[in-house]
Every structure is written in structure tokens, then in C-alpha cells.
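Have a look at the structure below, then the notes.
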Amino acid sequence: MGQKALHIFQTCIPLFQVLSDNHRQSILLMLSEQGKMTVNEITEQSSLSRPAISHHLKLLLEKGLISVEQKGTQRYYSASLQSSVALLKELVAAMEEECI
């Protein structure tokens with residue numbers, strides 16, 4: 001792997017780590033399919049407790065995979081994958097470039 005691809009790959013490692021958890025994958029897919037949801041709405045569709053869901057949402061939020069919008073007393077979470085997808089596309093392009 002060349003230097004450019006290696007650098008991009010290393011940048012992707014935190015993203016890969018947060019996505020390695022099955023519960024976070026499920027939450028992200030749920031938000032992608034259903035749009036904006038509150039913690040309680042996510043919890044209703046999960047086998048996890050509300051504190052566990054909040055923990056996973058915090059990790060997804062820290063890595064920029066979701067966003068949150070405050071409306072009154074409710075916080076609505078939604079998938080926000082644009083920057084992560086762009087980074088992964090950059091990694092694929094760099095690796096393809098080196099294989100040619």
C-alpha cells in the first residue's frame with residue numbers, strides 16, 4: 001500500500017472501529033431507513049436499554065456518522081453519512097490508483 005492510501009486508511013480506522021459494533025450498525029441503518037428519531041423511538045425498536053442507546057448514539061455522533069437536532073425538549077438523531085462515504089470513496093480511489 002502506498003503512502004497516500006496508507007494515510008487515508010489510517011484516517012478511516014476510527015470510522016471502522018465505531019462501525020464494528022453490531023448495535024451501532026443497527027442504529028445507523030434504522031436512522032438511514034426511517035429518518036429522524038428520538039432516543040425513545042430508537043429504544044422502542046431495539047433490545048437495548050435507553051442508556052445503552054444513548055451511549056451508542058454518542059459514539060456515532062463523535063465520528064460524524066449521525067447528526068442531532070434539538071426541537072423543544074426533544075433531540076432528533078439522523079444519519080449523516082456524506083463525509084464518511086466521501087472518505088471511503090477516497091480510500092477506494094487511492095487503492096485502485098496504486099493497483100493500476
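Ligands are numbered from 1 in the order shown, chains are lettered A, B, ... in the order of the C-alpha cells, and residues start at 1 in each chain.
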Determine, using only C-alpha atoms, which residues of stretch 53-78 of chain A have any atom at most 12 Å from an atom of stretch 19-22 of chain A, and tabulate each with its shortest atom pair and distance in Å to one decimal place, rows ordered by chain and then rising number, as a tab-separated table.
residue	atom	partner	partner_atom	distance
A:His56	CA	A:Asp21	CA	9.2
A:Leu57	CA	A:Leu19	CA	11.8
A:Leu59	CA	A:Leu19	CA	9.7
A:Leu60	CA	A:Leu19	CA	8.4
A:Leu61	CA	A:Leu19	CA	11.9
A:Lys63	CA	A:Leu19	CA	9.8
A:Gly64	CA	A:Leu19	CA	11.7
A:Leu65	CA	A:Leu19	CA	9.4
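Compared by their closest atoms to A:Ser26, and using only C-alpha atoms, the residues A:Thr38, A:Met1, A:Ile53, A:Gln10 rank with A:Ile53 nearest.
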(request) Write down as an MDAnalysis selection string the residues of chain A whose backbone DSSP state falls under alpha helix (DSSP H). (result) chainID A and resid 3:19 22:34 39:44 50:62 82:99
What lies within 12 Å of A:Met37 using only C-alpha atoms, ignoring chain neighbours under 4 positions off, as a short mmCIF file (atom, residue, chain, number, x, y, z; two decimals) with N, CA and C atoms, in the first residue's frame?
data_model
loop_
_atom_site.label_atom_id
_atom_site.label_comp_id
_atom_site.auth_asym_id
_atom_site.auth_seq_id
_atom_site.Cartn_x
_atom_site.Cartn_y
_atom_site.Cartn_z
N ILE A 27 -28.41 0.73 14.65
CA ILE A 27 -28.91 2.08 14.88
C ILE A 27 -28.72 2.94 13.64
N LEU A 28 -27.55 2.85 13.03
CA LEU A 28 -27.27 3.64 11.84
C LEU A 28 -28.20 3.25 10.69
N LEU A 29 -28.42 1.96 10.50
CA LEU A 29 -29.34 1.51 9.46
C LEU A 29 -30.77 1.98 9.74
N MET A 30 -31.17 1.92 11.01
CA MET A 30 -32.50 2.37 11.40
C MET A 30 -32.68 3.85 11.05
N LEU A 31 -31.69 4.66 11.40
CA LEU A 31 -31.77 6.09 11.12
C LEU A 31 -31.74 6.36 9.61
N SER A 32 -30.97 5.57 8.88
CA SER A 32 -30.90 5.74 7.42
C SER A 32 -32.24 5.43 6.77
N GLU A 33 -32.91 4.41 7.27
CA GLU A 33 -34.17 3.98 6.69
C GLU A 33 -35.36 4.80 7.15
N GLU A 41 -37.66 6.58 20.56
CA GLU A 41 -38.13 5.87 19.36
C GLU A 41 -37.15 4.78 18.95
N ILE A 42 -35.87 5.07 19.06
CA ILE A 42 -34.85 4.07 18.73
C ILE A 42 -34.91 2.92 19.74
N THR A 43 -35.04 3.27 21.03
CA THR A 43 -35.10 2.27 22.09
C THR A 43 -36.29 1.33 21.90
N GLU A 44 -37.43 1.87 21.48
CA GLU A 44 -38.63 1.06 21.26
C GLU A 44 -38.41 -0.03 20.22
N GLN A 45 -37.50 0.23 19.28
CA GLN A 45 -37.25 -0.72 18.19
C GLN A 45 -35.98 -1.54 18.42
N ILE A 53 -28.47 2.84 24.31
CA ILE A 53 -28.72 3.53 23.02
C ILE A 53 -28.05 4.90 23.05
N LEU A 57 -25.28 6.26 20.45
CA LEU A 57 -25.52 7.50 19.70
C LEU A 57 -24.38 8.49 19.90
N ILE A 66 -23.74 10.47 12.50
CA ILE A 66 -25.10 10.95 12.70
C ILE A 66 -25.04 12.41 13.10
N SER A 67 -26.19 13.06 13.01
CA SER A 67 -26.30 14.44 13.48
C SER A 67 -27.49 14.50 14.43
N VAL A 68 -27.56 15.56 15.19
CA VAL A 68 -28.65 15.73 16.15
C VAL A 68 -29.23 17.13 16.00
N GLU A 69 -30.55 17.19 16.14
CA GLU A 69 -31.26 18.46 16.03
C GLU A 69 -32.18 18.59 17.25
N GLN A 70 -32.07 19.70 17.94
CA GLN A 70 -32.89 19.95 19.13
C GLN A 70 -34.18 20.64 18.69
N LYS A 71 -35.32 20.06 19.06
CA LYS A 71 -36.63 20.69 18.83
C LYS A 71 -37.38 20.67 20.14
N GLN A 74 -37.00 17.75 22.79
CA GLN A 74 -36.61 16.51 22.11
C GLN A 74 -35.34 16.71 21.28
N ARG A 75 -34.53 15.67 21.25
CA ARG A 75 -33.35 15.64 20.37
C ARG A 75 -33.63 14.59 19.30
N TYR A 76 -33.52 15.01 18.05
CA TYR A 76 -33.77 14.11 16.92
C TYR A 76 -32.45 13.76 16.25
N TYR A 77 -32.19 12.48 16.15
CA TYR A 77 -30.97 11.97 15.55
C TYR A 77 -31.27 11.53 14.12
N SER A 78 -30.32 11.75 13.24
CA SER A 78 -30.46 11.30 11.85
C SER A 78 -29.09 10.90 11.31
N ALA A 79 -29.11 10.03 10.31
CA ALA A 79 -27.87 9.59 9.68
C ALA A 79 -27.25 10.78 8.95
#
(message) Given only C-alpha atoms as the basis, pick out the residue of A:Val18, A:Cys12, A:Leu48, A:Val39 nearest to A:Lys89.
(response)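 Looking at the shortest contact to A:Lys89, the residue is A:Cys12.
The spacing separating atom CA of A:Ala52 from atom CA of A:Ser83 amounts to 25.4 Å.
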(message) For the structure I just gave you, how does DSSP split stretch 52-81 of chain A - specifically, which residues are strand (DSSP E)? Reply as an MDAnalysis selection string.
(response) chainID A and resid 66:71 74:79
Could those selected residues go to a file with all heavy atoms, as an mmCIF file, in the first residue's frame?
data_model
loop_
_atom_site.group_PDB
_atom_site.id
_atom_site.type_symbol
_atom_site.label_atom_id
_atom_site.label_comp_id
_atom_site.auth_asym_id
_atom_site.auth_seq_id
_atom_site.Cartn_x
_atom_site.Cartn_y
_atom_site.Cartn_z
ATOM 1 N N ILE A 66 -23.741 10.470 12.497
ATOM 2 C CA ILE A 66 -25.102 10.946 12.698
ATOM 3 C C ILE A 66 -25.043 12.410 13.096
ATOM 4 O O ILE A 66 -23.994 12.932 13.479
ATOM 5 C CB ILE A 66 -25.856 10.130 13.778
ATOM 6 C CG1 ILE A 66 -25.186 10.260 15.138
ATOM 7 C CG2 ILE A 66 -26.007 8.673 13.363
ATOM 8 C CD1 ILE A 66 -25.985 9.653 16.290
ATOM 9 N N SER A 67 -26.193 13.061 13.008
ATOM 10 C CA SER A 67 -26.302 14.442 13.484
ATOM 11 C C SER A 67 -27.494 14.500 14.427
ATOM 12 O O SER A 67 -28.331 13.600 14.463
ATOM 13 C CB SER A 67 -26.479 15.409 12.307
ATOM 14 O OG SER A 67 -27.637 15.084 11.572
ATOM 15 N N VAL A 68 -27.565 15.562 15.195
ATOM 16 C CA VAL A 68 -28.653 15.731 16.154
ATOM 17 C C VAL A 68 -29.234 17.125 16.001
ATOM 18 O O VAL A 68 -28.518 18.091 15.728
ATOM 19 C CB VAL A 68 -28.170 15.466 17.602
ATOM 20 C CG1 VAL A 68 -27.130 16.477 18.025
ATOM 21 C CG2 VAL A 68 -29.328 15.429 18.576
ATOM 22 N N GLU A 69 -30.552 17.191 16.138
ATOM 23 C CA GLU A 69 -31.263 18.460 16.030
ATOM 24 C C GLU A 69 -32.181 18.591 17.246
ATOM 25 O O GLU A 69 -32.957 17.680 17.535
ATOM 26 C CB GLU A 69 -32.086 18.474 14.736
ATOM 27 C CG GLU A 69 -32.877 19.719 14.504
ATOM 28 C CD GLU A 69 -33.706 19.636 13.229
ATOM 29 O OE1 GLU A 69 -33.506 18.709 12.430
ATOM 30 O OE2 GLU A 69 -34.580 20.499 13.066
ATOM 31 N N GLN A 70 -32.068 19.702 17.939
ATOM 32 C CA GLN A 70 -32.888 19.948 19.125
ATOM 33 C C GLN A 70 -34.176 20.645 18.688
ATOM 34 O O GLN A 70 -34.139 21.674 18.022
ATOM 35 C CB GLN A 70 -32.110 20.829 20.109
ATOM 36 C CG GLN A 70 -32.798 21.065 21.414
ATOM 37 C CD GLN A 70 -32.576 19.940 22.409
ATOM 38 O OE1 GLN A 70 -31.554 19.284 22.386
ATOM 39 N NE2 GLN A 70 -33.532 19.738 23.281
ATOM 40 N N LYS A 71 -35.321 20.058 19.065
ATOM 41 C CA LYS A 71 -36.630 20.691 18.828
ATOM 42 C C LYS A 71 -37.383 20.667 20.140
ATOM 43 O O LYS A 71 -37.834 19.619 20.577
ATOM 44 C CB LYS A 71 -37.417 19.923 17.760
ATOM 45 C CG LYS A 71 -36.933 20.133 16.365
ATOM 46 C CD LYS A 71 -37.867 19.493 15.366
ATOM 47 C CE LYS A 71 -37.375 19.723 13.959
ATOM 48 N NZ LYS A 71 -38.229 19.053 12.973
ATOM 49 N N GLN A 74 -36.996 17.752 22.790
ATOM 50 C CA GLN A 74 -36.607 16.512 22.109
ATOM 51 C C GLN A 74 -35.343 16.712 21.276
ATOM 52 O O GLN A 74 -35.141 17.770 20.678
ATOM 53 C CB GLN A 74 -37.724 16.024 21.175
ATOM 54 C CG GLN A 74 -38.975 15.593 21.896
ATOM 55 C CD GLN A 74 -38.765 14.318 22.688
ATOM 56 O OE1 GLN A 74 -37.968 13.465 22.332
ATOM 57 N NE2 GLN A 74 -39.500 14.188 23.785
ATOM 58 N N ARG A 75 -34.532 15.666 21.249
ATOM 59 C CA ARG A 75 -33.351 15.639 20.375
ATOM 60 C C ARG A 75 -33.625 14.594 19.298
ATOM 61 O O ARG A 75 -33.903 13.436 19.607
ATOM 62 C CB ARG A 75 -32.105 15.272 21.168
ATOM 63 C CG ARG A 75 -31.754 16.312 22.225
ATOM 64 C CD ARG A 75 -30.521 15.935 22.949
ATOM 65 N NE ARG A 75 -29.405 16.106 22.005
ATOM 66 C CZ ARG A 75 -28.145 16.155 22.347
ATOM 67 N NH1 ARG A 75 -27.798 16.003 23.589
ATOM 68 N NH2 ARG A 75 -27.208 16.314 21.449
ATOM 69 N N TYR A 76 -33.523 15.008 18.049
ATOM 70 C CA TYR A 76 -33.775 14.109 16.921
ATOM 71 C C TYR A 76 -32.451 13.761 16.248
ATOM 72 O O TYR A 76 -31.707 14.648 15.833
ATOM 73 C CB TYR A 76 -34.727 14.766 15.914
ATOM 74 C CG TYR A 76 -36.136 14.854 16.435
ATOM 75 C CD1 TYR A 76 -36.546 15.954 17.186
ATOM 76 C CD2 TYR A 76 -37.044 13.836 16.203
ATOM 77 C CE1 TYR A 76 -37.834 16.029 17.687
ATOM 78 C CE2 TYR A 76 -38.333 13.904 16.699
ATOM 79 C CZ TYR A 76 -38.720 15.008 17.438
ATOM 80 O OH TYR A 76 -39.997 15.071 17.933
ATOM 81 N N TYR A 77 -32.192 12.476 16.154
ATOM 82 C CA TYR A 77 -30.968 11.968 15.548
ATOM 83 C C TYR A 77 -31.275 11.526 14.122
ATOM 84 O O TYR A 77 -32.346 10.999 13.835
ATOM 85 C CB TYR A 77 -30.433 10.782 16.358
ATOM 86 C CG TYR A 77 -29.995 11.188 17.737
ATOM 87 C CD1 TYR A 77 -30.886 11.180 18.806
ATOM 88 C CD2 TYR A 77 -28.691 11.602 17.980
ATOM 89 C CE1 TYR A 77 -30.485 11.564 20.076
ATOM 90 C CE2 TYR A 77 -28.284 11.993 19.254
ATOM 91 C CZ TYR A 77 -29.195 11.975 20.289
ATOM 92 O OH TYR A 77 -28.794 12.361 21.537
ATOM 93 N N SER A 78 -30.319 11.748 13.243
ATOM 94 C CA SER A 78 -30.464 11.299 11.854
ATOM 95 C C SER A 78 -29.094 10.899 11.307
ATOM 96 O O SER A 78 -28.061 11.362 11.794
ATOM 97 C CB SER A 78 -31.093 12.393 10.984
ATOM 98 O OG SER A 78 -30.323 13.567 11.019
ATOM 99 N N ALA A 79 -29.113 10.030 10.310
ATOM 100 C CA ALA A 79 -27.870 9.594 9.677
ATOM 101 C C ALA A 79 -27.249 10.777 8.950
ATOM 102 O O ALA A 79 -27.945 11.602 8.362
ATOM 103 C CB ALA A 79 -28.148 8.450 8.715
#
(request) Choose the residue, out of A:Val92, A:Glu98, A:Glu62, A:Val85, that has the smallest atom-to-atom separation from A:Pro14; count only C-alpha atoms. (result)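 Closest to A:Pro14, using only C-alpha atoms: A:Glu62.
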(message) One decimal, in Å: what's the spacing between atom CA of A:Glu96 and atom CA of A:His7?
(response)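 Rounded to one decimal, the two atoms are 14.7 Å apart.
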Find the spatial neighbours of A:Met95, counting only C-alpha atoms, within a cut-off of 7 Å - ignore same-chain residues fewer than 4 positions away - and output them as a JSON list (two decimals) with N, CA and C atoms, in the first residue's frame.
[["chain", "number", "residue", "atom", "x", "y", "z"],
["A", 5, "ALA", "N", -2.51, 6.01, 0.11],
["A", 5, "ALA", "CA", -3.55, 5.07, 0.53],
["A", 5, "ALA", "C", -3.41, 4.73, 2.00],
["A", 91, "LEU", "N", -10.48, 6.50, -0.19],
["A", 91, "LEU", "CA", -9.64, 5.34, 0.09],
["A", 91, "LEU", "C", -9.67, 4.35, -1.07],
["A", 99, "CYS", "N", -3.13, 0.09, -7.79],
["A", 99, "CYS", "CA", -3.21, -1.25, -8.38],
["A", 99, "CYS", "C", -3.08, -1.21, -9.91]]
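One distance worth recording is that between atom CA of A:Ala93 and atom CA of A:Gly35, which is 29.4 Å.
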